[in-house]
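Visitor: The structure is given below, and queries will be raised subsequently.
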Amino acid sequence: MNRIHLNLKQPLIIPNLSLPPRIKYGVNSGGSPVVSRACGFLLEFIPMKIGAGMTFLEGPLKKVVYLIFILIFGFLGARCATPKEELKTVPKDQVHSLKEINLEKVFGENRGLKVLEENATTVHDYYRGGVQEKEEGERLMKESRWEEARRHLEKSNRFLRVVLKYLREDEANRNIHGNLVVIFLPNLLIADNDLKLVAVYKNMRNDNKVAEAKAEGKLYLAESLKSVRTEWADQIKKGFEDELPKK
Amino acid sequence: MRRLLMPVFFFIIFLLGSAPPAVAQFSEAGVQKLRVAVDAPDFTLKELGGEKISLKELRGKIILLNFFATLCPNCRRESPSFAKLHEEFKNTDLVLLKLVAKEKEKDIIKYKKELNISSPILIDDNASVTNTYGVSSSPQTFFINREGKIIGRVLKEMDWTSKNMKDLIEYLLKEKK
């Protein structure tokens, strides 16, 4: 970037004209030939008009000089501005559709190398581990193996809570490495686990745990909705509402 | 009897406190040893300017699988020592593989030339292998044993020619087939 260092508060005494302009007037354009030429011309031109012995700020061209400097800085600033096409922002209240963000997609992104609690060290390990345990828990639920499902879903929550110690906010698209982007919703996944756990505990006739899971799930759901809005979250919300005692 | 008690006590403490040799080898080399070895997910990828390489076919060898990115400065810094290690252990059971995801072939060729890399570079076009291995930062290197299990990993830039690293590799190569 080009930088011009010129202190206009201090009156500049016009120095010996035989010196090169960039040194004489303390101008360092940072190597840009266009800016160098512009500054050089400006500072060579002004002394001729002002006359020897006069200070820079007392000259009749003071306003013109200021204006030109403003234009130069404006021009440099405009060059640094982000082009319009790069300014793509996602509105915070945008609701991500189920097609875009769903459980199957999250499972797909985290399959592969098995993450064990003993081996996990990074936040990403814990997130992957949480998702992998959730997938296993949900599979066991479908087979009505409630006790085993409970263990996996609770373990999934343990993993995800570790993630939340370091990264509290859900993100629809989290860039993790190079061009790799993943769905990162630890709060929502805990809420979803809790909703599933409500069903598991009911089948295990553990009423205390049912109430606990409901209360916790709602908290995590609210936390998730603070950062990302998804149709999936709306579904979970409805799931919790359906669990409320009917009047 | 009392005299004997103290030395025995200290000896037991020493035994409890000292790590098993393998763990010590790993930690001295700066490698995180996995407490439980896990199966390395299989893959078949095209090598830069060459044939397809399958992990399964390399069973029986010690593999160092290094995930990198051409624009990552840490990867650049460690690449020369990785290349040196490859040269030094060329005629052993050690296989060094570099893996890059979602990058243009011309950039990879340039990188290979610039850093004089002689080990195979695998191209993971759609990042499926990178995702499968859960790679979230680069460089990242997995140590895979002869049985095809991941036994350790490194999540940072390394000096692959350090004495401790070479000792660890020698140790792994000595393990029975």
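By order of appearance in the structure tokens: chains A, B, ..., then residues from 1 within every chain, and ligands from 1 in the order shown.
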Among segment 146-242 of chain A, which residues carry a DSSP assignment of alpha helix (DSSP H), reported as number ranges by chain?
Guide: A: 146-166, 186-203, 207-227, 231-242
Visitor: List as JSON lines every residue of chain B that is in contact with chain A, defined as an atom at most 6 Å from one of its atoms (using only C-alpha atoms), together with the nearest atom pair and the distance in Å rounded to one decimal, sorted by chain and then rising number.
Guide:
```
{"residue": "B:Leu34", "atom": "CA", "partner": "A:Asn119", "partner_atom": "CA", "distance": 5.4}
{"residue": "B:Arg35", "atom": "CA", "partner": "A:Asn119", "partner_atom": "CA", "distance": 5.8}
{"residue": "B:Thr132", "atom": "CA", "partner": "A:Gly112", "partner_atom": "CA", "distance": 4.3}
{"residue": "B:Tyr133", "atom": "CA", "partner": "A:Leu113", "partner_atom": "CA", "distance": 5.2}
{"residue": "B:Ser136", "atom": "CA", "partner": "A:His177", "partner_atom": "CA", "distance": 5.1}
{"residue": "B:Ser137", "atom": "CA", "partner": "A:His177", "partner_atom": "CA", "distance": 5.2}
```
Visitor: Which is closest to Thr130 of chain B among B:Met158, B:Leu99, B:Ala24, B:Leu115, if we use only C-alpha atoms?
Guide: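 Of B:Met158, B:Leu99, B:Ala24, B:Leu115, the one nearest Thr130 of chain B, counting only C-alpha atoms, is B:Leu99.
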Visitor: What is the distance, in Å and to one decimal place, between atom CA of Gln32 of chain B and atom CA of Gln132 of chain A?
Guide: 21.8 Å
Visitor: Please provide as JSON, numbers by chain all residues within 12 Å of segment 69-82 of chain B, with the sequence filter that same-chain residues fewer than 4 positions apart are discarded (counting only C-alpha atoms).
Guide: {"A": [177, 178, 179, 180], "B": [64, 65, 86, 87, 88, 89, 90, 95, 96, 97, 98, 99, 100, 101, 102, 103, 104, 105, 106, 107, 108, 109, 110, 111, 112, 113, 114, 115, 116, 117, 118, 119, 120, 121, 122, 123, 124, 127, 130, 135, 136, 137, 138, 139, 140, 141, 155, 156, 157, 158, 159, 160, 161, 162, 165, 166]}
Visitor: So what do you get for atom CA of Phe107 of chain A versus atom CA of Glu243 of chain A, distance-wise?
Guide: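 Atom-to-atom, atom CA of Phe107 of chain A to atom CA of Glu243 of chain A, that is 25.4 Å.
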Visitor: For atom CA of Lys84 of chain B and atom CA of Asp167 of chain B, quote the distance in Å rounded to one decimal.
Guide: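 If I compute the distance from atom CA of Lys84 of chain B to atom CA of Asp167 of chain B, I get 15.1 Å.
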Visitor: Excluding same-chain residues fewer than 2 positions from Ile53 of chain B, what lies within 10 Å of it counting only C-alpha atoms, as a ChimeraX atom specification?
Guide: /B:43-47,50-51,55-58,97,120-122
Visitor: Run DSSP on the backbone of this structure and report the residues of segment 4-118 of chain B it assigns to strand (DSSP E), as a ChimeraX atom specification.
Guide: /B:32-39,44-47,52-54,62-68,94-101
Visitor: List the spatial neighbours of Val163 of chain A as a PyMOL selection string - criterion: any atom at most 12 Å away, only C-alpha atoms, same-chain residues fewer than 5 positions off excluded.
Guide: chain A and resi 120-131+156-158+168-170+184-187+189-190
